[in-house]
Every structure is written in C-alpha cells, then in structure tokens.
file target35.cif (mmCIF, C-alpha atoms)
data_run
loop_
_atom_site.label_atom_id
_atom_site.label_comp_id
_atom_site.auth_asym_id
_atom_site.auth_seq_id
_atom_site.Cartn_x
_atom_site.Cartn_y
_atom_site.Cartn_z
CA MET A 2 36.46 -44.71 29.70
CA TYR A 3 37.83 -47.68 27.78
CA LEU A 4 38.11 -46.42 24.20
CA PRO A 5 41.11 -44.05 24.74
CA ASP A 6 43.15 -46.76 26.54
CA TRP A 7 42.31 -49.25 23.79
CA LEU A 8 43.31 -46.76 21.08
CA VAL A 9 46.67 -46.15 22.75
CA THR A 10 47.33 -49.90 23.14
CA GLU A 11 46.40 -50.63 19.54
CA SER A 12 48.47 -47.73 18.26
CA VAL A 13 51.60 -48.82 20.15
CA SER A 14 51.05 -52.48 19.25
CA ALA A 15 51.06 -51.58 15.57
CA ASN A 16 54.61 -50.25 16.05
CA PRO A 17 57.17 -53.11 16.39
CA ALA A 18 59.35 -51.17 18.80
CA PRO A 19 58.93 -50.27 21.53
CA SER A 20 56.34 -52.68 22.95
CA PRO A 21 53.38 -51.47 25.09
CA THR A 22 55.21 -52.49 28.22
CA ASP A 23 58.06 -50.14 27.35
CA LEU A 24 55.89 -47.01 27.89
CA THR A 25 56.40 -45.26 31.17
CA THR A 26 53.43 -44.49 33.35
CA GLY A 27 53.65 -40.79 32.55
CA GLU A 28 53.87 -41.41 28.81
CA ARG A 29 50.89 -43.73 28.87
CA VAL A 30 48.82 -41.25 30.90
CA SER A 31 49.70 -38.49 28.43
CA ALA A 32 48.84 -40.71 25.45
CA VAL A 33 45.54 -41.80 26.98
CA THR A 34 44.69 -38.15 27.85
CA ALA A 35 45.40 -37.06 24.29
CA ALA A 36 43.30 -39.93 22.94
CA ARG A 37 40.49 -39.07 25.35
CA THR A 38 40.57 -35.44 24.16
CA ALA A 39 40.36 -36.57 20.53
CA VAL A 40 37.45 -38.90 21.32
CA LEU A 41 35.59 -36.13 23.15
CA PHE A 42 36.05 -33.71 20.24
CA ALA A 43 34.86 -36.35 17.76
CA ALA A 44 31.82 -37.17 19.89
CA GLY A 45 31.03 -33.47 20.25
CA GLY A 46 31.27 -33.00 16.49
CA LEU A 47 28.95 -35.95 15.83
CA LEU A 48 26.53 -34.63 18.41
CA ALA A 49 26.57 -31.17 16.78
CA VAL A 50 25.92 -32.67 13.34
CA LEU A 51 23.09 -34.77 14.73
CA THR A 52 21.60 -31.72 16.47
CA LEU A 53 21.75 -29.68 13.25
CA TYR A 54 20.09 -32.49 11.31
CA LEU A 55 17.30 -32.86 13.83
CA THR A 56 16.80 -29.08 13.97
CA ALA A 57 16.63 -28.86 10.17
CA ALA A 58 14.15 -31.74 10.07
CA ARG A 59 12.02 -30.10 12.73
CA ASP A 60 12.09 -26.73 10.91
CA ALA A 61 11.17 -28.41 7.61
CA ALA A 62 8.24 -30.17 9.26
CA ALA A 63 7.13 -26.88 10.83
CA ALA A 64 7.41 -25.11 7.46
CA ASP A 65 5.37 -27.83 5.78
CA LYS A 66 2.70 -27.54 8.46
CA LEU A 67 2.71 -23.75 8.07
CA ASP A 68 2.25 -24.10 4.30
CA LEU A 69 -0.62 -26.52 4.81
CA ASP A 70 -2.26 -24.19 7.31
CA ARG A 71 -1.76 -21.24 4.96
CA ASP A 72 -3.23 -23.16 2.02
CA ALA A 73 -6.20 -24.21 4.14
CA ASN A 74 -6.72 -20.61 5.21
CA ARG A 75 -6.57 -19.38 1.61
CA THR A 76 -8.95 -22.09 0.49
CA ASP A 77 -11.46 -21.06 3.15
CA ARG A 78 -11.08 -17.39 2.26
CA TYR A 79 -11.52 -18.15 -1.46
CA ALA A 80 -14.64 -20.21 -0.83
CA ASP A 81 -16.16 -17.50 1.38
CA ALA A 82 -15.38 -14.74 -1.13
CA ALA A 83 -16.71 -16.76 -4.07
CA LYS A 84 -19.99 -17.32 -2.20
CA MET A 85 -20.29 -13.58 -1.61
CA LEU A 86 -20.23 -12.92 -5.36
CA GLY A 87 -23.59 -14.64 -5.65
CA ASP A 88 -25.17 -12.80 -2.74
CA LYS A 89 -28.29 -10.69 -3.33
CA SER A 90 -26.73 -7.78 -1.47
CA ALA A 91 -24.59 -5.45 -3.60
CA SER A 92 -22.38 -4.64 -0.61
CA SER A 93 -21.69 -8.34 -0.07
CA ARG A 94 -20.73 -8.74 -3.72
CA LEU A 95 -18.38 -5.77 -3.40
CA ALA A 96 -16.79 -7.32 -0.33
CA GLY A 97 -16.34 -10.59 -2.20
CA ILE A 98 -14.57 -8.83 -5.09
CA TYR A 99 -12.17 -7.01 -2.80
CA ALA A 100 -11.50 -10.18 -0.81
CA LEU A 101 -10.63 -12.07 -3.99
CA GLU A 102 -8.37 -9.25 -5.16
CA ARG A 103 -6.47 -9.28 -1.88
CA LEU A 104 -6.12 -13.05 -2.00
CA ALA A 105 -4.82 -12.89 -5.59
CA LYS A 106 -2.12 -10.43 -4.53
CA GLU A 107 -1.05 -12.70 -1.68
CA SER A 108 -1.11 -16.03 -3.52
CA HIS A 109 0.68 -16.44 -6.85
CA ALA A 110 -0.87 -19.89 -7.25
CA ASP A 111 -4.43 -18.52 -7.00
CA TRP A 112 -3.89 -15.44 -9.19
CA GLN A 113 -5.05 -16.94 -12.50
CA THR A 114 -8.04 -18.68 -10.93
CA ILE A 115 -9.20 -15.41 -9.37
CA ILE A 116 -8.72 -13.55 -12.66
CA ASP A 117 -10.99 -16.13 -14.31
CA VAL A 118 -13.59 -15.81 -11.54
CA VAL A 119 -13.64 -12.00 -11.54
CA SER A 120 -13.79 -11.76 -15.35
CA GLY A 121 -16.59 -14.34 -15.27
CA PHE A 122 -18.43 -12.17 -12.74
CA VAL A 123 -18.19 -9.17 -15.09
CA ARG A 124 -19.34 -11.30 -18.00
CA ASP A 125 -22.36 -12.52 -16.03
CA ARG A 126 -23.37 -9.19 -14.45
CA ALA A 127 -22.61 -6.63 -17.19
CA PRO A 128 -25.52 -6.11 -19.62
CA GLN A 129 -25.17 -8.17 -22.78
CA ILE A 130 -25.46 -6.30 -26.06
CA GLU A 131 -27.78 -7.84 -28.62
CA GLY A 132 -26.78 -6.76 -32.10
CA PRO A 133 -24.24 -4.02 -32.96
CA ALA A 134 -23.06 -1.93 -30.01
CA LYS A 135 -22.63 1.16 -32.19
CA GLY A 136 -25.56 3.52 -31.90
CA ARG A 137 -26.95 2.15 -28.65
CA PRO A 138 -27.27 4.41 -25.61
CA PRO A 139 -24.48 3.60 -23.13
CA MET A 140 -25.28 2.44 -19.62
CA ARG A 141 -23.22 2.94 -16.50
CA PRO A 142 -22.09 -0.27 -14.82
CA THR A 143 -23.45 -1.18 -11.43
CA ALA A 144 -21.15 -0.64 -8.47
CA ASP A 145 -20.15 -4.30 -8.22
CA VAL A 146 -19.41 -4.63 -11.95
CA ASP A 147 -17.41 -1.39 -11.88
CA ALA A 148 -15.42 -2.67 -8.88
CA ALA A 149 -14.74 -5.99 -10.61
CA ILE A 150 -13.50 -4.22 -13.76
CA ARG A 151 -11.18 -2.02 -11.70
CA ALA A 152 -9.93 -5.10 -9.81
CA LEU A 153 -9.13 -6.80 -13.13
CA ALA A 154 -7.15 -3.73 -14.19
CA ARG A 155 -5.15 -3.66 -10.96
CA LEU A 156 -4.46 -7.40 -10.96
CA THR A 157 -3.27 -7.39 -14.59
CA ASN A 158 -1.18 -4.25 -14.18
CA ASN A 159 2.11 -6.19 -14.12
CA ARG A 160 1.24 -9.45 -15.88
CA SER A 161 -1.16 -10.72 -18.50
CA SER A 162 -3.74 -13.39 -17.92
CA GLN A 163 -2.81 -16.77 -19.35
CA HIS A 164 -6.46 -17.27 -20.30
CA ALA A 165 -8.47 -14.98 -22.53
CA ILE A 166 -10.54 -12.40 -20.66
CA TRP A 167 -13.84 -12.86 -22.49
CA LEU A 168 -15.97 -9.70 -22.39
CA ARG A 169 -17.37 -9.54 -25.90
CA ASP A 170 -20.84 -8.04 -26.42
CA ARG A 171 -20.79 -6.47 -22.95
CA MET A 172 -21.75 -2.98 -21.83
CA LEU A 173 -18.55 -1.60 -20.25
CA ALA A 174 -19.24 2.11 -20.71
CA TYR A 175 -17.73 4.57 -18.21
CA SER A 176 -15.58 1.83 -16.68
CA SER A 177 -11.87 2.08 -15.87
CA LEU A 178 -9.32 -0.41 -17.16
CA SER A 179 -6.35 1.94 -16.92
CA GLY A 180 -3.01 0.16 -16.69
CA ALA A 181 -4.42 -3.27 -17.53
CA ARG A 182 -2.60 -5.83 -19.65
CA LEU A 183 -5.38 -7.47 -21.59
CA GLY A 184 -3.22 -9.90 -23.59
CA ASN A 185 -5.56 -11.87 -25.83
CA ALA A 186 -8.81 -10.52 -24.39
CA ASN A 187 -12.00 -10.66 -26.42
CA LEU A 188 -13.72 -7.27 -26.48
CA HIS A 189 -15.55 -7.75 -29.76
CA ASN A 190 -18.62 -5.48 -29.99
CA ALA A 191 -18.08 -4.26 -26.42
CA ASP A 192 -19.24 -0.75 -25.56
CA LEU A 193 -16.35 1.21 -24.03
CA THR A 194 -17.98 4.64 -24.25
CA GLU A 195 -16.13 7.15 -22.05
CA ALA A 196 -14.02 4.35 -20.63
CA TYR A 197 -10.66 5.15 -19.06
CA LEU A 198 -8.15 3.11 -21.06
CA ILE A 199 -5.01 4.98 -20.06
CA LYS A 200 -1.85 2.92 -20.66
CA VAL A 201 -3.87 -0.22 -21.40
CA ASP A 202 -1.84 -2.85 -23.24
CA PHE A 203 -4.38 -4.45 -25.55
CA GLY A 204 -1.85 -7.04 -26.72
CA ASN A 205 -3.44 -9.45 -29.17
CA SER A 206 -6.99 -8.54 -28.17
CA GLU A 207 -10.00 -8.92 -30.43
CA ILE A 208 -11.72 -5.50 -30.55
CA GLY A 209 -13.68 -5.67 -33.79
CA ALA A 210 -16.86 -3.52 -33.71
CA ALA A 211 -16.02 -2.29 -30.19
CA VAL A 212 -17.20 1.24 -29.41
CA PHE A 213 -14.64 3.78 -28.14
CA THR A 214 -16.78 6.93 -28.17
CA ASP A 215 -15.18 9.59 -25.91
CA ALA A 216 -12.77 7.00 -24.50
CA ASN A 217 -9.44 8.09 -23.01
CA LEU A 218 -6.61 6.29 -24.81
CA LYS A 219 -3.61 8.18 -23.46
CA GLY A 220 -0.57 5.91 -23.59
CA ALA A 221 -2.61 2.89 -24.74
CA ASP A 222 -0.88 0.22 -26.82
CA LEU A 223 -3.04 -1.03 -29.70
CA ARG A 224 -0.31 -2.35 -31.97
CA GLY A 225 -1.33 -6.00 -31.76
CA VAL A 226 -5.13 -5.73 -31.80
CA ARG A 227 -7.14 -7.84 -34.22
CA HIS A 228 -10.06 -7.18 -36.55
CA CYS A 229 -10.38 -3.49 -35.78
CA LYS A 230 -10.86 -0.58 -38.16
CA GLN A 231 -9.39 2.87 -38.00
CA GLU A 232 -12.89 4.40 -38.08
CA GLN A 233 -13.63 2.91 -34.64
CA PHE A 234 -11.38 5.58 -33.11
CA TYR A 235 -12.66 8.65 -34.94
CA ASP A 236 -14.83 9.65 -31.98
CA VAL A 237 -12.44 8.97 -29.07
CA ASN A 238 -12.07 11.73 -26.53
CA VAL A 239 -8.32 11.94 -26.25
CA PHE A 240 -5.05 10.22 -27.15
CA ASP A 241 -1.47 11.45 -27.04
CA SER A 242 1.97 10.89 -28.51
CA ASP A 243 2.45 7.85 -26.26
CA THR A 244 -0.58 6.11 -27.75
CA LYS A 245 0.65 3.28 -29.97
CA TRP A 246 -1.57 2.57 -32.97
CA PRO A 247 -1.56 -0.40 -35.35
CA PRO A 248 1.06 0.18 -38.05
CA GLU A 249 -1.53 0.31 -40.82
CA PHE A 250 -3.43 3.19 -39.14
CA SER A 251 -3.01 6.83 -40.13
CA VAL A 252 -2.56 8.88 -36.97
CA ALA A 253 -3.11 12.07 -38.93
CA ASP A 254 -6.51 10.85 -40.14
CA ILE A 255 -7.56 9.86 -36.61
CA ASP A 256 -6.39 13.20 -35.23
CA ALA A 257 -8.27 15.10 -37.92
CA ALA A 258 -11.47 13.13 -37.37
CA VAL A 259 -11.33 13.60 -33.58
CA ALA A 260 -10.70 17.34 -33.95
CA ALA A 261 -13.53 17.72 -36.47
CA ARG A 262 -15.95 15.90 -34.18
CA LYS A 263 -15.00 18.11 -31.23
CA ARG A 264 -15.55 21.25 -33.31
CA ALA A 265 -18.92 19.96 -34.43
CA LEU A 266 -19.97 19.23 -30.85
CA GLU A 267 -18.90 22.71 -29.74
CA THR A 268 -21.02 24.38 -32.38
CA GLN A 269 -24.14 22.36 -31.62
CA PRO A 270 -26.83 24.19 -29.60
CA THR A 271 -27.36 22.98 -26.08
CA GLN A 272 -30.18 20.48 -25.96
CA VAL A 273 -32.69 21.01 -23.17
CA SER A 274 -34.90 18.08 -22.29
CA PRO A 275 -38.69 18.60 -22.10
CA SER A 276 -38.66 17.48 -18.47
CA ALA A 277 -36.17 20.22 -17.60
CA ILE A 278 -38.40 22.81 -19.28
CA ASN A 279 -41.48 21.61 -17.44
CA HIS A 280 -39.73 21.78 -14.08
CA ALA A 281 -38.03 25.12 -14.64
CA PRO A 282 -38.95 27.87 -12.14
CA LYS A 283 -41.67 30.22 -13.34
#
call {"tool": "encode", "arguments": {"input": "target35.cif", "output": "structure tokens"}}
result
Amino acid sequence: MYLPDWLVTESVSANPAPSPTDLTTGERVSAVTAARTAVLFAAGGLLAVLTLYLTAARDAAAADKLDLDRDANRTDRYADAAKMLGDKSASSRLAGIYALERLAKESHADWQTIIDVVSGFVRDRAPQIEGPAKGRPPMRPTADVDAAIRALARLTNNRSSQHAIWLRDRMLAYSSLSGARLGNANLHNADLTEAYLIKVDFGNSEIGAAVFTDANLKGADLRGVRHCKQEQFYDVNVFDSDTKWPPEFSVADIDAAVAARKRALETQPTQVSPSAINHAPK
C-alpha cells in the first residue's frame, strides 16, 4: 500500500522541477498505479524464484532419501544372497548366485565386489587339482559351480574385472565362459576340457599348463596370454579364422596337429566298457 506512493514521491523529489505538489491528481494516481504494477511484478518474480528454490531443495532431499533407501535395499539383498552361497542346499546356492548377478547388473558400484565374491565361490567349490592337470580324468562341475562360471562370463561380457579372477589349479571342465573378458585372470594348470570358450578375451591371462582338450575356441582372443605353449592347443576341438593366437604361434602347426588327432580318434575302435558287456541283453 505505501511503497508505490513512496517510490513516486522519491522519484519526483529527485527531479528539481516540477515539485511533488505540481503533479495533478490524475498524474499522481497514474504514477502510483504504474509503480504498484512494477512492485507487484517484482514481488511475483521473487516469489517464483523462491518457490523454484524450495522445490529444487525438496526434490534434492527426496532424491537423497531415495538413494539412501535404494542403497539400503541393495545392501540387504547383497547380504541375503551372500548368505545363500554358504547354504547346504544346492538350490539355495543357485538362487544366491542368480541374485548376486542381478544385483551386479543393477548396481555399478557393487559390480566388482560381486565379481570377486562369485569368482571366490568358484575357487572354493570347484575341485582343486593337485599336481599337473594334464592326464587327469576331467570332472563335470556341480550345478552351482557351473552357474557361477556362467554368471562370471555374462557379467564380464562388456568389461573386464579390475581384480584378477584367480582360478588356477581348478577343475573347470565342460564349463562355459563364452563371451567373457578375463583380463589378467589366473588359469594356470586349470582343466578346461571341452569348455566353451567362444569369443573369450583372455587378455593378459596366465594360462601356463592349462588343459584345453576338445575345447571350443571359436573367435577367442589369446594374443596377450602369458606362459603358454603352442602344444597346449594341439588337442582342442575347434577354432576358426576369427581365433586370434599369440604372434609367436604357428597356426598351420596347430591346425595340422588338431586334424591329425581327429583322424586318429576316428580310426580308433569303439571302446566298450566291461559293465556294458555284462549288462547287455542275452
């Protein structure tokens, strides 16, 4: 009520001529109305700015609370899934693996931790090989170990683990790591008999003395592997033109050795076990 009239008076007083008393009633009403309009617009603008600020502050507080609730939920889910890995029931362990895999896909912050936990689970549950893996009969992984290996492959399909995946001296026969990026994994003396290693990027992995008998290496990248010998791949099942070998390897020699082994296996007589003979129909 009073600010517009005061603004008009002060504005006219600042001008030496005419004096405030020289304004007609109509002129003063018009001036006060214009001043009142300006004051109302300014007040409305300040109110709008204040409203936007308060709304932004409220939304930020709500977002922070949502993040805290989400983190708490993920922490609870991680704890529950980790407990399931130690359960006596195989089905519970499977559920724990799948729960961790889903959580890793949802949470970038938890991805590396879950990779470490799942690889540790494989390391603990897969049979450990005492002595050279070559020449030992391969063993199929249990359902939970197989599921954990497949989960590792899926989780590392687009990015490599920052920590080494340590699976040396482990029985990993018949498992599937297709599409995995193993980075600087340690697979020394691991048994990968008949393993599916399609498009696996071995990166800077340590694979010395590892067994690749009848493994599928289509599209695999072995250019950066360490401490391996060409002879380790003479009994693989299959590789193709997309398979990338270490530069010092002779692809022709590997191809010839694989072909010779296949011919030898084809010419061998079929072995019939004594138990099959005893149980054959009379």
call {"tool": "residues_around", "arguments": {"input": "target35.cif", "residues": "region 80-96 of chain A", "least_positions_apart": "3", "cutoff": "8 Å", "atoms": "all atoms listed in the file", "output": "PyMOL selection string"}}
result
chain A and resi 76-77+99-101+122+144-145+148
call {"tool": "atom_distance", "arguments": {"input": "target35.cif", "atom1": "CA of Val30 (chain A)", "atom2": "CA of Pro5 (chain A)"}}
result
10.3 Å
call {"tool": "residues_around", "arguments": {"input": "target35.cif", "residues": "Glu249 (chain A)", "least_positions_apart": "5", "cutoff": "10 Å", "atoms": "only C-alpha atoms", "output": "ChimeraX atom specification"}}
result
/A:224,230-231
call {"tool": "resolve_selection", "arguments": {"input": "target35.cif", "expression": "the PyMOL selection byres ((chain A and resi 115) around 9)", "output": "VMD selection string"}}
result
chain A and resid 79 101 to 102 104 to 105 111 to 114 116 to 120
call {"tool": "atom_distance", "arguments": {"input": "target35.cif", "atom1": "CA of Ala260 (chain A)", "atom2": "CA of Ala154 (chain A)"}}
result
29.1 Å
call {"tool": "resolve_selection", "arguments": {"input": "target35.cif", "expression": "the PyMOL selection byres ((chain A and resi 4) around 10)", "output": "list in words"}}
result
Met2, Tyr3, Pro5, Asp6, Trp7, Leu8, Val9, Thr10, Val33, Ala36, Arg37 and Val40 of chain A
call {"tool": "resolve_selection", "arguments": {"input": "target35.cif", "expression": "the PyMOL selection byres ((chain A and resi 233) around 9)", "output": "PDB file with C-alpha atoms, in the coordinates of the input"}}
result
ATOM      1  CA  GLY A 209     -13.680  -5.670 -33.790  1.00  0.00           C
ATOM      2  CA  ALA A 210     -16.860  -3.520 -33.710  1.00  0.00           C
ATOM      3  CA  ALA A 211     -16.020  -2.290 -30.190  1.00  0.00           C
ATOM      4  CA  VAL A 212     -17.200   1.240 -29.410  1.00  0.00           C
ATOM      5  CA  PHE A 213     -14.640   3.780 -28.140  1.00  0.00           C
ATOM      6  CA  THR A 214     -16.780   6.930 -28.170  1.00  0.00           C
ATOM      7  CA  CYS A 229     -10.380  -3.490 -35.780  1.00  0.00           C
ATOM      8  CA  LYS A 230     -10.860  -0.580 -38.160  1.00  0.00           C
ATOM      9  CA  GLN A 231      -9.390   2.870 -38.000  1.00  0.00           C
ATOM     10  CA  GLU A 232     -12.890   4.400 -38.080  1.00  0.00           C
ATOM     11  CA  PHE A 234     -11.380   5.580 -33.110  1.00  0.00           C
ATOM     12  CA  TYR A 235     -12.660   8.650 -34.940  1.00  0.00           C
ATOM     13  CA  ASP A 236     -14.830   9.650 -31.980  1.00  0.00           C
ATOM     14  CA  VAL A 237     -12.440   8.970 -29.070  1.00  0.00           C
TER      15      VAL A 237
END
call {"tool": "residues_around", "arguments": {"input": "target35.cif", "residues": "Asn158 (chain A)", "least_positions_apart": "5", "cutoff": "7 Å", "atoms": "all atoms listed in the file", "output": "PDB file with C-alpha atoms, keeping the file's coordinate frame"}}
result
ATOM      1  CA  GLY A 180      -3.010   0.160 -16.690  1.00  0.00           C
ATOM      2  CA  ALA A 181      -4.420  -3.270 -17.530  1.00  0.00           C
ATOM      3  CA  ARG A 182      -2.600  -5.830 -19.650  1.00  0.00           C
TER       4      ARG A 182
END
call {"tool": "atom_distance", "arguments": {"input": "target35.cif", "atom1": "CA of Asp72 (chain A)", "atom2": "CA of Arg59 (chain A)"}}
result
19.9 Å
call {"tool": "build_atoms", "arguments": {"input": "target35.cif", "residues": "region 149-169 of chain A", "atoms": "N, CA, C and O atoms", "output": "PDB file, in the coordinates of the input"}}
result
ATOM      1  N   ALA A 149     -15.394  -4.806 -10.041  1.00  0.00           N
ATOM      2  CA  ALA A 149     -14.740  -5.990 -10.610  1.00  0.00           C
ATOM      3  C   ALA A 149     -13.854  -5.611 -11.794  1.00  0.00           C
ATOM      4  O   ALA A 149     -12.746  -6.151 -11.960  1.00  0.00           O
ATOM      5  N   ILE A 150     -14.304  -4.672 -12.626  1.00  0.00           N
ATOM      6  CA  ILE A 150     -13.500  -4.220 -13.760  1.00  0.00           C
ATOM      7  C   ILE A 150     -12.233  -3.541 -13.266  1.00  0.00           C
ATOM      8  O   ILE A 150     -11.131  -3.773 -13.782  1.00  0.00           O
ATOM      9  N   ARG A 151     -12.358  -2.699 -12.265  1.00  0.00           N
ATOM     10  CA  ARG A 151     -11.180  -2.020 -11.700  1.00  0.00           C
ATOM     11  C   ARG A 151     -10.230  -3.037 -11.061  1.00  0.00           C
ATOM     12  O   ARG A 151      -9.006  -2.889 -11.142  1.00  0.00           O
ATOM     13  N   ALA A 152     -10.782  -4.059 -10.410  1.00  0.00           N
ATOM     14  CA  ALA A 152      -9.930  -5.100  -9.810  1.00  0.00           C
ATOM     15  C   ALA A 152      -9.165  -5.848 -10.896  1.00  0.00           C
ATOM     16  O   ALA A 152      -7.972  -6.152 -10.729  1.00  0.00           O
ATOM     17  N   LEU A 153      -9.823  -6.148 -12.011  1.00  0.00           N
ATOM     18  CA  LEU A 153      -9.130  -6.800 -13.130  1.00  0.00           C
ATOM     19  C   LEU A 153      -7.975  -5.946 -13.621  1.00  0.00           C
ATOM     20  O   LEU A 153      -6.885  -6.457 -13.927  1.00  0.00           O
ATOM     21  N   ALA A 154      -8.209  -4.632 -13.719  1.00  0.00           N
ATOM     22  CA  ALA A 154      -7.150  -3.730 -14.190  1.00  0.00           C
ATOM     23  C   ALA A 154      -5.966  -3.733 -13.233  1.00  0.00           C
ATOM     24  O   ALA A 154      -4.801  -3.788 -13.654  1.00  0.00           O
ATOM     25  N   ARG A 155      -6.246  -3.682 -11.934  1.00  0.00           N
ATOM     26  CA  ARG A 155      -5.150  -3.660 -10.960  1.00  0.00           C
ATOM     27  C   ARG A 155      -4.390  -4.982 -10.936  1.00  0.00           C
ATOM     28  O   ARG A 155      -3.153  -5.000 -10.828  1.00  0.00           O
ATOM     29  N   LEU A 156      -5.110  -6.090 -11.043  1.00  0.00           N
ATOM     30  CA  LEU A 156      -4.460  -7.400 -10.960  1.00  0.00           C
ATOM     31  C   LEU A 156      -3.643  -7.708 -12.207  1.00  0.00           C
ATOM     32  O   LEU A 156      -2.696  -8.493 -12.147  1.00  0.00           O
ATOM     33  N   THR A 157      -4.014  -7.130 -13.342  1.00  0.00           N
ATOM     34  CA  THR A 157      -3.270  -7.390 -14.590  1.00  0.00           C
ATOM     35  C   THR A 157      -2.336  -6.237 -14.917  1.00  0.00           C
ATOM     36  O   THR A 157      -1.865  -6.116 -16.052  1.00  0.00           O
ATOM     37  N   ASN A 158      -2.050  -5.403 -13.938  1.00  0.00           N
ATOM     38  CA  ASN A 158      -1.180  -4.250 -14.180  1.00  0.00           C
ATOM     39  C   ASN A 158       0.244  -4.668 -14.515  1.00  0.00           C
ATOM     40  O   ASN A 158       0.923  -4.007 -15.307  1.00  0.00           O
ATOM     41  N   ASN A 159       0.719  -5.766 -13.922  1.00  0.00           N
ATOM     42  CA  ASN A 159       2.110  -6.190 -14.120  1.00  0.00           C
ATOM     43  C   ASN A 159       2.253  -7.494 -14.890  1.00  0.00           C
ATOM     44  O   ASN A 159       3.370  -7.881 -15.238  1.00  0.00           O
ATOM     45  N   ARG A 160       1.166  -8.181 -15.162  1.00  0.00           N
ATOM     46  CA  ARG A 160       1.240  -9.450 -15.880  1.00  0.00           C
ATOM     47  C   ARG A 160      -0.065  -9.714 -16.604  1.00  0.00           C
ATOM     48  O   ARG A 160      -1.119  -9.263 -16.172  1.00  0.00           O
ATOM     49  N   SER A 161       0.033 -10.431 -17.706  1.00  0.00           N
ATOM     50  CA  SER A 161      -1.160 -10.720 -18.500  1.00  0.00           C
ATOM     51  C   SER A 161      -1.752 -12.060 -18.096  1.00  0.00           C
ATOM     52  O   SER A 161      -1.039 -12.985 -17.706  1.00  0.00           O
ATOM     53  N   SER A 162      -3.052 -12.142 -18.210  1.00  0.00           N
ATOM     54  CA  SER A 162      -3.740 -13.390 -17.920  1.00  0.00           C
ATOM     55  C   SER A 162      -3.353 -14.455 -18.941  1.00  0.00           C
ATOM     56  O   SER A 162      -3.228 -14.182 -20.139  1.00  0.00           O
ATOM     57  N   GLN A 163      -3.132 -15.674 -18.451  1.00  0.00           N
ATOM     58  CA  GLN A 163      -2.810 -16.770 -19.350  1.00  0.00           C
ATOM     59  C   GLN A 163      -4.036 -17.208 -20.147  1.00  0.00           C
ATOM     60  O   GLN A 163      -3.908 -17.792 -21.220  1.00  0.00           O
ATOM     61  N   HIS A 164      -5.213 -16.930 -19.622  1.00  0.00           N
ATOM     62  CA  HIS A 164      -6.460 -17.270 -20.300  1.00  0.00           C
ATOM     63  C   HIS A 164      -7.084 -15.999 -20.850  1.00  0.00           C
ATOM     64  O   HIS A 164      -6.898 -14.915 -20.304  1.00  0.00           O
ATOM     65  N   ALA A 165      -7.822 -16.135 -21.932  1.00  0.00           N
ATOM     66  CA  ALA A 165      -8.470 -14.980 -22.530  1.00  0.00           C
ATOM     67  C   ALA A 165      -9.525 -14.403 -21.594  1.00  0.00           C
ATOM     68  O   ALA A 165     -10.337 -15.145 -21.030  1.00  0.00           O
ATOM     69  N   ILE A 166      -9.503 -13.087 -21.421  1.00  0.00           N
ATOM     70  CA  ILE A 166     -10.540 -12.400 -20.660  1.00  0.00           C
ATOM     71  C   ILE A 166     -11.681 -12.121 -21.645  1.00  0.00           C
ATOM     72  O   ILE A 166     -11.571 -11.273 -22.526  1.00  0.00           O
ATOM     73  N   TRP A 167     -12.760 -12.851 -21.508  1.00  0.00           N
ATOM     74  CA  TRP A 167     -13.840 -12.860 -22.490  1.00  0.00           C
ATOM     75  C   TRP A 167     -14.937 -11.903 -22.072  1.00  0.00           C
ATOM     76  O   TRP A 167     -15.742 -12.188 -21.192  1.00  0.00           O
ATOM     77  N   LEU A 168     -14.977 -10.720 -22.720  1.00  0.00           N
ATOM     78  CA  LEU A 168     -15.970  -9.700 -22.390  1.00  0.00           C
ATOM     79  C   LEU A 168     -16.639  -9.169 -23.654  1.00  0.00           C
ATOM     80  O   LEU A 168     -17.057  -8.007 -23.699  1.00  0.00           O
ATOM     81  N   ARG A 169     -16.750  -9.994 -24.657  1.00  0.00           N
ATOM     82  CA  ARG A 169     -17.370  -9.540 -25.900  1.00  0.00           C
ATOM     83  C   ARG A 169     -18.877  -9.316 -25.688  1.00  0.00           C
ATOM     84  O   ARG A 169     -19.506  -9.946 -24.834  1.00  0.00           O
TER      85      ARG A 169
END
